[in-house]
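Source file structure-v4.cif; content: mmCIF, C-alpha atoms.
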data_coords
#
loop_
_atom_site.label_atom_id
_atom_site.label_comp_id
_atom_site.auth_asym_id
_atom_site.auth_seq_id
_atom_site.Cartn_x
_atom_site.Cartn_y
_atom_site.Cartn_z
CA MET F 392 6.25 -5.80 -2.88
CA ILE F 393 7.59 -2.28 -2.58
CA ASN F 394 8.62 -0.52 -5.73
CA HIS F 395 12.39 -0.29 -6.15
CA LYS F 396 11.93 3.22 -7.58
CA LEU F 397 10.90 4.36 -4.10
CA ILE F 398 14.07 2.93 -2.58
CA GLU F 399 16.13 4.49 -5.36
CA GLY F 400 14.40 7.83 -4.81
CA LEU F 401 15.09 7.82 -1.08
CA SER F 402 18.67 6.76 -1.69
CA GLU F 403 19.08 9.55 -4.23
CA GLN F 404 17.73 12.11 -1.75
CA PHE F 405 20.18 10.86 0.84
CA THR F 406 22.97 11.11 -1.72
CA GLN F 407 22.01 14.69 -2.53
CA LEU F 408 22.08 15.48 1.18
CA LEU F 409 25.62 14.13 1.44
CA GLN F 410 26.83 15.87 -1.72
CA GLY F 411 27.17 19.07 0.28
CA GLN F 412 29.98 17.28 2.15
CA PRO F 413 32.02 15.59 -0.62
CA ASP F 414 35.07 15.05 1.60
CA LEU F 415 33.37 12.66 4.02
CA PRO F 416 35.39 9.46 4.35
CA GLY F 417 33.46 6.31 3.46
CA GLN F 418 30.61 8.23 1.84
CA ALA F 419 30.05 5.61 -0.89
CA MET F 420 29.98 2.81 1.68
CA LEU F 421 27.54 4.78 3.83
CA GLN F 422 25.25 5.33 0.85
CA GLU F 423 25.25 1.61 0.08
CA GLN F 424 24.50 0.78 3.71
CA VAL F 425 21.59 3.23 3.70
CA ARG F 426 20.26 1.61 0.52
CA SER F 427 20.53 -1.85 2.11
CA LEU F 428 18.87 -0.61 5.28
CA LEU F 429 15.98 0.87 3.29
CA GLN F 430 15.52 -2.33 1.29
CA SER F 431 15.51 -4.55 4.36
CA THR F 432 13.17 -2.23 6.25
CA PHE F 433 10.66 -2.10 3.41
CA ALA F 434 10.93 -5.87 2.90
CA ARG F 435 9.88 -6.45 6.53
CA MET F 436 6.90 -4.14 6.23
CA ASP F 437 3.60 -5.47 4.98
CA LEU F 438 3.25 -2.89 2.20
CA VAL F 439 1.21 -3.01 -0.98
CA THR F 440 1.51 -1.01 -4.14
CA ARG F 441 -0.95 1.73 -4.98
CA GLU F 442 -2.32 -0.42 -7.80
CA GLU F 443 -2.99 -3.32 -5.41
CA PHE F 444 -4.65 -0.96 -2.94
CA ASP F 445 -6.87 0.58 -5.62
CA ALA F 446 -7.85 -2.85 -6.92
CA GLN F 447 -8.85 -4.04 -3.45
CA GLN F 448 -10.75 -0.81 -2.83
CA ALA F 449 -12.75 -1.42 -6.03
CA VAL F 450 -13.49 -5.00 -4.94
CA LEU F 451 -14.65 -3.74 -1.56
CA ALA F 452 -16.94 -1.14 -3.18
CA ARG F 453 -18.52 -3.81 -5.42
CA THR F 454 -18.94 -6.12 -2.44
CA ARG F 455 -20.56 -3.35 -0.41
CA ASP F 456 -22.99 -2.60 -3.26
CA ARG F 457 -23.88 -6.27 -3.59
CA LEU F 458 -24.41 -6.57 0.16
CA GLU F 459 -26.81 -3.61 0.10
CA GLN F 460 -28.75 -5.23 -2.77
CA LEU F 461 -29.00 -8.51 -0.87
CA GLU F 462 -30.13 -6.72 2.30
CA GLN F 463 -32.90 -5.03 0.32
CA GLN F 464 -33.98 -8.34 -1.22
CA LEU F 465 -33.98 -9.96 2.21
CA SER F 466 -36.09 -7.14 3.59
CA VAL F 467 -38.66 -7.57 0.79
CA LEU F 468 -38.78 -11.34 1.35
CA GLU F 469 -39.19 -10.90 5.11
CA LYS F 470 -42.10 -8.50 4.53
CA GLN F 471 -43.72 -10.97 2.15
CA LEU F 472 -43.25 -13.76 4.69
CA ASN F 473 -44.75 -11.66 7.49
CA LYS F 474 -47.80 -10.84 5.34
CA THR F 475 -48.57 -14.52 4.83
CA ASP F 476 -48.45 -15.24 8.59
#
Take the structure I supplied and represent it as structure tokens, if you would.
Amino acid sequence: MINHKLIEGLSEQFTQLLQGQPDLPGQAMLQEQVRSLLQSTFARMDLVTREEFDAQQAVLARTRDRLEQLEQQLSVLEKQLNKTD
């Protein structure tokens, strides 16, 4: 799930952009529509948080290390098997 702080930050940047034009009619409604658009867009995307990404990256690194260990063990066993033949 996307962090609501990101949506708030983007909405705030958009608000700051519009503050240079305070006389725009419907500015508040436009800001709310932009916020809704951002929320719905991010909800449709398959996004993960940085914490989730880092956790999966750590799992992948451990898995890769374990795979390398198993490949080495397999290589040793294959050599032992070939010596007995």
Exercise. Separation of atom CA of F:Glu399 and atom CA of F:Asp445, in Å?
Worked result: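 Here the two named atoms are 23.3 Å from each other.
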For this session: Using atom CA of F:Leu429 and atom CA of F:Thr406 as the two end points, give the distance in Å to one decimal.
Result: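 Separation between atom CA of F:Leu429 and atom CA of F:Thr406: 13.4 Å.
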Problem set entry | Between atom CA of F:Phe405 and atom CA of F:Gln424 - distance in Å to one decimal | 11.3 Å
Taking the point (19.1, 5.6, -3.2) as given in the file, collect each protein or nucleic acid residue that comes within 12 Å of it, counting only C-alpha atoms, and present the set as a CSV table (one decimal) with C-alpha atoms, keeping the file's coordinate frame.
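Saved to selection06.csv:
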chain,number,residue,atom,x,y,z
F,395,HIS,CA,12.4,-0.3,-6.2
F,396,LYS,CA,11.9,3.2,-7.6
F,397,LEU,CA,10.9,4.4,-4.1
F,398,ILE,CA,14.1,2.9,-2.6
F,399,GLU,CA,16.1,4.5,-5.4
F,400,GLY,CA,14.4,7.8,-4.8
F,401,LEU,CA,15.1,7.8,-1.1
F,402,SER,CA,18.7,6.8,-1.7
F,403,GLU,CA,19.1,9.6,-4.2
F,404,GLN,CA,17.7,12.1,-1.8
F,405,PHE,CA,20.2,10.9,0.8
F,406,THR,CA,23.0,11.1,-1.7
F,407,GLN,CA,22.0,14.7,-2.5
F,408,LEU,CA,22.1,15.5,1.2
F,409,LEU,CA,25.6,14.1,1.4
F,419,ALA,CA,30.0,5.6,-0.9
F,421,LEU,CA,27.5,4.8,3.8
F,422,GLN,CA,25.2,5.3,0.8
F,423,GLU,CA,25.2,1.6,0.1
F,424,GLN,CA,24.5,0.8,3.7
F,425,VAL,CA,21.6,3.2,3.7
F,426,ARG,CA,20.3,1.6,0.5
F,427,SER,CA,20.5,-1.8,2.1
F,428,LEU,CA,18.9,-0.6,5.3
F,429,LEU,CA,16.0,0.9,3.3
F,430,GLN,CA,15.5,-2.3,1.3
Write out, as CSV, each residue of stretch 435-462 of chain F that has an atom at most 12 Å from stretch 466-476 of chain F, together with the closest pair of atoms and their distance in Å to one decimal, counting all atoms listed in the file, rows going by chain and rising number.
residue,atom,partner,partner_atom,distance
F:Glu459,CA,F:Ser466,CA,10.5
F:Gln460,CA,F:Ser466,CA,9.9
F:Leu461,CA,F:Ser466,CA,8.5
F:Glu462,CA,F:Ser466,CA,6.1
Could you model N, CA and C atoms for stretch 457-475 of chain F and present them as an mmCIF file, keeping the file's coordinate frame?
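Printed below is selection_6.cif as written:
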data_model
loop_
_atom_site.group_PDB
_atom_site.id
_atom_site.type_symbol
_atom_site.label_atom_id
_atom_site.label_comp_id
_atom_site.auth_asym_id
_atom_site.auth_seq_id
_atom_site.Cartn_x
_atom_site.Cartn_y
_atom_site.Cartn_z
ATOM 1 N N ARG F 457 -23.169 -4.988 -3.517
ATOM 2 C CA ARG F 457 -23.880 -6.270 -3.590
ATOM 3 C C ARG F 457 -24.544 -6.601 -2.254
ATOM 4 N N LEU F 458 -23.849 -6.325 -1.164
ATOM 5 C CA LEU F 458 -24.410 -6.570 0.160
ATOM 6 C C LEU F 458 -25.670 -5.727 0.375
ATOM 7 N N GLU F 459 -25.625 -4.471 -0.033
ATOM 8 C CA GLU F 459 -26.810 -3.610 0.100
ATOM 9 C C GLU F 459 -27.974 -4.147 -0.731
ATOM 10 N N GLN F 460 -27.700 -4.642 -1.926
ATOM 11 C CA GLN F 460 -28.750 -5.230 -2.770
ATOM 12 C C GLN F 460 -29.359 -6.451 -2.084
ATOM 13 N N LEU F 461 -28.514 -7.298 -1.543
ATOM 14 C CA LEU F 461 -29.000 -8.510 -0.870
ATOM 15 C C LEU F 461 -29.802 -8.174 0.382
ATOM 16 N N GLU F 462 -29.377 -7.144 1.111
ATOM 17 C CA GLU F 462 -30.130 -6.720 2.300
ATOM 18 C C GLU F 462 -31.520 -6.228 1.903
ATOM 19 N N GLN F 463 -31.589 -5.500 0.795
ATOM 20 C CA GLN F 463 -32.900 -5.030 0.320
ATOM 21 C C GLN F 463 -33.776 -6.204 -0.097
ATOM 22 N N GLN F 464 -33.213 -7.164 -0.813
ATOM 23 C CA GLN F 464 -33.980 -8.340 -1.220
ATOM 24 C C GLN F 464 -34.469 -9.116 0.000
ATOM 25 N N LEU F 465 -33.612 -9.255 0.982
ATOM 26 C CA LEU F 465 -33.980 -9.960 2.210
ATOM 27 C C LEU F 465 -35.120 -9.234 2.915
ATOM 28 N N SER F 466 -35.041 -7.922 2.956
ATOM 29 C CA SER F 466 -36.090 -7.140 3.590
ATOM 30 C C SER F 466 -37.432 -7.350 2.886
ATOM 31 N N VAL F 467 -37.433 -7.345 1.563
ATOM 32 C CA VAL F 467 -38.660 -7.570 0.790
ATOM 33 C C VAL F 467 -39.203 -8.970 1.075
ATOM 34 N N LEU F 468 -38.348 -9.964 1.081
ATOM 35 C CA LEU F 468 -38.780 -11.340 1.350
ATOM 36 C C LEU F 468 -39.334 -11.491 2.769
ATOM 37 N N GLU F 469 -38.699 -10.837 3.731
ATOM 38 C CA GLU F 469 -39.190 -10.900 5.110
ATOM 39 C C GLU F 469 -40.579 -10.261 5.218
ATOM 40 N N LYS F 470 -40.780 -9.141 4.519
ATOM 41 C CA LYS F 470 -42.100 -8.500 4.530
ATOM 42 C C LYS F 470 -43.149 -9.398 3.901
ATOM 43 N N GLN F 471 -42.784 -10.053 2.808
ATOM 44 C CA GLN F 471 -43.720 -10.970 2.150
ATOM 45 C C GLN F 471 -44.043 -12.136 3.083
ATOM 46 N N LEU F 472 -43.049 -12.643 3.762
ATOM 47 C CA LEU F 472 -43.250 -13.760 4.690
ATOM 48 C C LEU F 472 -44.146 -13.349 5.846
ATOM 49 N N ASN F 473 -43.944 -12.153 6.366
ATOM 50 C CA ASN F 473 -44.750 -11.660 7.490
ATOM 51 C C ASN F 473 -46.197 -11.414 7.078
ATOM 52 N N LYS F 474 -46.439 -11.063 5.815
ATOM 53 C CA LYS F 474 -47.800 -10.840 5.340
ATOM 54 C C LYS F 474 -48.567 -12.149 5.264
ATOM 55 N N THR F 475 -47.894 -13.222 4.960
ATOM 56 C CA THR F 475 -48.570 -14.520 4.830
ATOM 57 C C THR F 475 -48.873 -15.137 6.188
#
